[in-house]
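Listing of entry31.pdb; format and content: PDB, C-alpha atoms.
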```pdb
ATOM      1  CA  MET I  95       1.786  -6.447 -16.057  1.00  0.00           C
ATOM      2  CA  THR I  96       3.878  -3.486 -15.003  1.00  0.00           C
ATOM      3  CA  LEU I  97       3.350  -1.068 -12.144  1.00  0.00           C
ATOM      4  CA  ASP I  98       2.669   1.708 -14.648  1.00  0.00           C
ATOM      5  CA  ALA I  99      -0.220  -0.225 -16.171  1.00  0.00           C
ATOM      6  CA  VAL I 100      -1.720  -0.939 -12.752  1.00  0.00           C
ATOM      7  CA  LEU I 101      -1.488   2.716 -11.734  1.00  0.00           C
ATOM      8  CA  VAL I 102      -2.997   3.889 -15.034  1.00  0.00           C
ATOM      9  CA  ALA I 103      -5.895   1.449 -14.604  1.00  0.00           C
ATOM     10  CA  SER I 104      -6.447   2.592 -11.024  1.00  0.00           C
ATOM     11  CA  ALA I 105      -6.337   6.259 -12.091  1.00  0.00           C
ATOM     12  CA  ALA I 106      -8.881   5.528 -14.829  1.00  0.00           C
ATOM     13  CA  LEU I 107     -11.178   3.824 -12.315  1.00  0.00           C
ATOM     14  CA  PHE I 108     -10.829   6.760  -9.944  1.00  0.00           C
ATOM     15  CA  CYS I 109     -11.562   9.320 -12.668  1.00  0.00           C
ATOM     16  CA  VAL I 110     -14.626   7.458 -13.935  1.00  0.00           C
ATOM     17  CA  GLY I 111     -15.880   7.161 -10.362  1.00  0.00           C
ATOM     18  CA  LEU I 112     -15.261  10.855  -9.695  1.00  0.00           C
ATOM     19  CA  TYR I 113     -17.179  11.820 -12.816  1.00  0.00           C
ATOM     20  CA  GLY I 114     -20.012   9.468 -11.842  1.00  0.00           C
ATOM     21  CA  ALA I 115     -20.190  10.774  -8.287  1.00  0.00           C
ATOM     22  CA  LEU I 116     -20.191  14.434  -9.319  1.00  0.00           C
ATOM     23  CA  SER I 117     -22.478  14.254 -12.345  1.00  0.00           C
ATOM     24  CA  GLN I 118     -25.329  12.134 -10.996  1.00  0.00           C
ATOM     25  CA  GLN I 119     -28.186  13.086  -8.707  1.00  0.00           C
ATOM     26  CA  VAL I 120     -29.596   9.637  -8.055  1.00  0.00           C
ATOM     27  CA  VAL I 121     -28.303   8.354  -4.719  1.00  0.00           C
ATOM     28  CA  VAL I 122     -27.510   4.860  -6.000  1.00  0.00           C
ATOM     29  CA  MET I 123     -25.499   6.221  -8.926  1.00  0.00           C
ATOM     30  CA  VAL I 124     -23.513   8.512  -6.613  1.00  0.00           C
ATOM     31  CA  MET I 125     -22.760   5.521  -4.402  1.00  0.00           C
ATOM     32  CA  MET I 126     -21.625   3.526  -7.433  1.00  0.00           C
ATOM     33  CA  GLY I 127     -19.276   6.365  -8.360  1.00  0.00           C
ATOM     34  CA  LEU I 128     -17.862   6.386  -4.830  1.00  0.00           C
ATOM     35  CA  GLU I 129     -17.411   2.630  -4.996  1.00  0.00           C
ATOM     36  CA  LEU I 130     -15.444   2.970  -8.256  1.00  0.00           C
ATOM     37  CA  MET I 131     -13.249   5.619  -6.652  1.00  0.00           C
ATOM     38  CA  LEU I 132     -12.540   3.369  -3.680  1.00  0.00           C
ATOM     39  CA  ASN I 133     -11.787   0.450  -5.979  1.00  0.00           C
ATOM     40  CA  GLY I 134      -9.302   2.604  -7.875  1.00  0.00           C
ATOM     41  CA  VAL I 135      -7.525   3.498  -4.651  1.00  0.00           C
ATOM     42  CA  ILE I 136      -7.499  -0.138  -3.518  1.00  0.00           C
ATOM     43  CA  LEU I 137      -6.090  -1.236  -6.876  1.00  0.00           C
ATOM     44  CA  ALA I 138      -3.318   1.365  -6.642  1.00  0.00           C
ATOM     45  CA  VAL I 139      -2.434   0.337  -3.088  1.00  0.00           C
ATOM     46  CA  ALA I 140      -2.494  -3.352  -3.985  1.00  0.00           C
ATOM     47  CA  GLY I 141      -0.301  -2.756  -7.037  1.00  0.00           C
ATOM     48  CA  LEU I 142       2.203  -0.708  -5.079  1.00  0.00           C
ATOM     49  CA  TRP I 143       2.244  -3.257  -2.282  1.00  0.00           C
ATOM     50  CA  TRP I 144       2.771  -6.126  -4.703  1.00  0.00           C
ATOM     51  CA  PHE I 145       5.584  -4.470  -6.625  1.00  0.00           C
ATOM     52  CA  LEU I 146       7.382  -3.059  -3.570  1.00  0.00           C
ATOM     53  CA  ALA I 147       7.069  -5.997  -1.165  1.00  0.00           C
ATOM     54  CA  PRO I 148       5.402  -9.123  -2.625  1.00  0.00           C
ATOM     55  CA  ALA I 149       4.406 -10.579   0.733  1.00  0.00           C
ATOM     56  CA  PRO I 150       0.872 -11.865   1.360  1.00  0.00           C
ATOM     57  CA  ASP I 151       0.356  -9.576   4.378  1.00  0.00           C
ATOM     58  CA  GLY I 152      -0.753  -6.664   2.227  1.00  0.00           C
ATOM     59  CA  GLN I 153      -3.239  -8.683   0.265  1.00  0.00           C
ATOM     60  CA  VAL I 154      -4.888  -9.922   3.475  1.00  0.00           C
ATOM     61  CA  LEU I 155      -5.227  -6.342   4.734  1.00  0.00           C
ATOM     62  CA  LEU I 156      -6.788  -5.310   1.414  1.00  0.00           C
ATOM     63  CA  LEU I 157      -9.302  -8.148   1.667  1.00  0.00           C
ATOM     64  CA  VAL I 158     -10.310  -6.837   5.096  1.00  0.00           C
ATOM     65  CA  VAL I 159     -10.715  -3.337   3.638  1.00  0.00           C
ATOM     66  CA  ILE I 160     -12.849  -4.701   0.780  1.00  0.00           C
ATOM     67  CA  ALA I 161     -15.038  -6.563   3.291  1.00  0.00           C
ATOM     68  CA  ALA I 162     -15.507  -3.363   5.303  1.00  0.00           C
ATOM     69  CA  MET I 163     -16.390  -1.497   2.099  1.00  0.00           C
ATOM     70  CA  THR I 164     -18.986  -4.121   1.292  1.00  0.00           C
ATOM     71  CA  VAL I 165     -20.687  -3.623   4.644  1.00  0.00           C
ATOM     72  CA  GLU I 166     -20.530   0.143   4.233  1.00  0.00           C
ATOM     73  CA  MET I 167     -22.124   0.005   0.775  1.00  0.00           C
ATOM     74  CA  ALA I 168     -24.844  -2.345   2.031  1.00  0.00           C
ATOM     75  CA  MET I 169     -25.704   0.176   4.743  1.00  0.00           C
ATOM     76  CA  GLY I 170     -25.708   2.964   2.147  1.00  0.00           C
ATOM     77  CA  PHE I 171     -28.087   1.029  -0.076  1.00  0.00           C
ATOM     78  CA  ALA I 172     -30.319   0.432   2.948  1.00  0.00           C
ATOM     79  CA  VAL I 173     -30.442   4.194   3.592  1.00  0.00           C
ATOM     80  CA  ALA I 174     -31.165   4.830  -0.098  1.00  0.00           C
ATOM     81  CA  THR I 175     -33.977   2.259  -0.035  1.00  0.00           C
ATOM     82  CA  LEU I 176     -35.443   3.811   3.116  1.00  0.00           C
ATOM     83  CA  LEU I 177     -35.221   7.261   1.521  1.00  0.00           C
ATOM     84  CA  HIS I 178     -37.008   6.009  -1.584  1.00  0.00           C
ATOM     85  CA  ARG I 179     -39.757   4.323   0.423  1.00  0.00           C
ATOM     86  CA  SER I 180     -40.398   7.281   2.703  1.00  0.00           C
ATOM     87  CA  ARG I 181     -40.156  10.113   0.157  1.00  0.00           C
ATOM     88  CA  GLU I 182     -40.980   8.341  -3.136  1.00  0.00           C
ATOM     89  CA  SER I 183     -37.816   9.853  -4.599  1.00  0.00           C
ATOM     90  CA  ASP I 184     -34.210   8.769  -4.928  1.00  0.00           C
ATOM     91  CA  MET I 185     -32.611  12.102  -5.733  1.00  0.00           C
ATOM     92  CA  THR I 186     -29.820  13.582  -3.642  1.00  0.00           C
ATOM     93  CA  ASP I 187     -31.697  16.870  -3.214  1.00  0.00           C
ATOM     94  CA  THR I 188     -34.295  15.136  -1.045  1.00  0.00           C
ATOM     95  CA  ALA I 189     -31.610  13.456   1.079  1.00  0.00           C
ATOM     96  CA  THR I 190     -30.386  16.683   2.650  1.00  0.00           C
ATOM     97  CA  ASP I 191     -32.786  16.307   5.575  1.00  0.00           C
ATOM     98  CA  LEU I 192     -33.210  12.663   6.606  1.00  0.00           C
ATOM     99  CA  SER I 193     -35.160  13.383   9.800  1.00  0.00           C
ATOM    100  CA  GLY I 194     -38.669  13.316   8.493  1.00  0.00           C
TER     101      GLY I 194
END
```

Written as structure tokens, how would this file's structure read?
Amino acid sequence: MTLDAVLVASAALFCVGLYGALSQQVVVMVMMGLELMLNGVILAVAGLWWFLAPAPDGQVLLLVVIAAMTVEMAMGFAVATLLHRSRESDMTDTATDLSG
């Protein structure tokens, strides 16, 4: 696989995620779009790192970033679940004021 193919795949992931994040109003779908965008960026960084300097240091750092993203998305899903339970809605319009 060439660097061009990796960068095209990462750009496609980012574009699909951007479309999903901007076109949806359900909180979970917006978060899935953001996750696709982050995965596209991580794929591009991993591809560049592998083709420029194929040392395992970069891959370990990317695994740490993916683990941090997992925790962040779990917290986001917890907020979305709390929003759904308290307001009986999962739309982004009702998430503008989370204080009540």

Q: Name the residues captured by the PyMOL selection byres ((chain I and resi 143) around 12) when it is applied to the shown file; answer as a PyMOL selection string.
A: chain I and resi 97+100-101+136-142+144-156

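One finds atom CA of Glu166 of chain I at 18.0 Å from atom CA of Val120 of chain I.
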
Q) Between atom CA of Leu107 of chain I and atom CA of Met126 of chain I, what is the distance, to one decimal in Å? A)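 Between atom CA of Leu107 of chain I and atom CA of Met126 of chain I the gap works out to 11.5 Å.
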
(Q) I'd like to see the residues matched by the PyMOL selection byres ((chain I and resi 114) around 8) on this file, and ideally I'd get them as an NGL selection string. (A) :I and (110-113 or 115-118 or 123-124 or 126-128)

**Q.** Between atom CA of Glu129 of chain I and atom CA of Gly170 of chain I - distance in Å to one decimal
**A.** 11.0 Å

Q) Of the candidates I:Val135, I:Met185, I:Met125, I:Leu130, which shows the shortest atom-to-atom distance to Met169 of chain I, using only C-alpha atoms? A)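 Nearest to Met169 of chain I: I:Met125.
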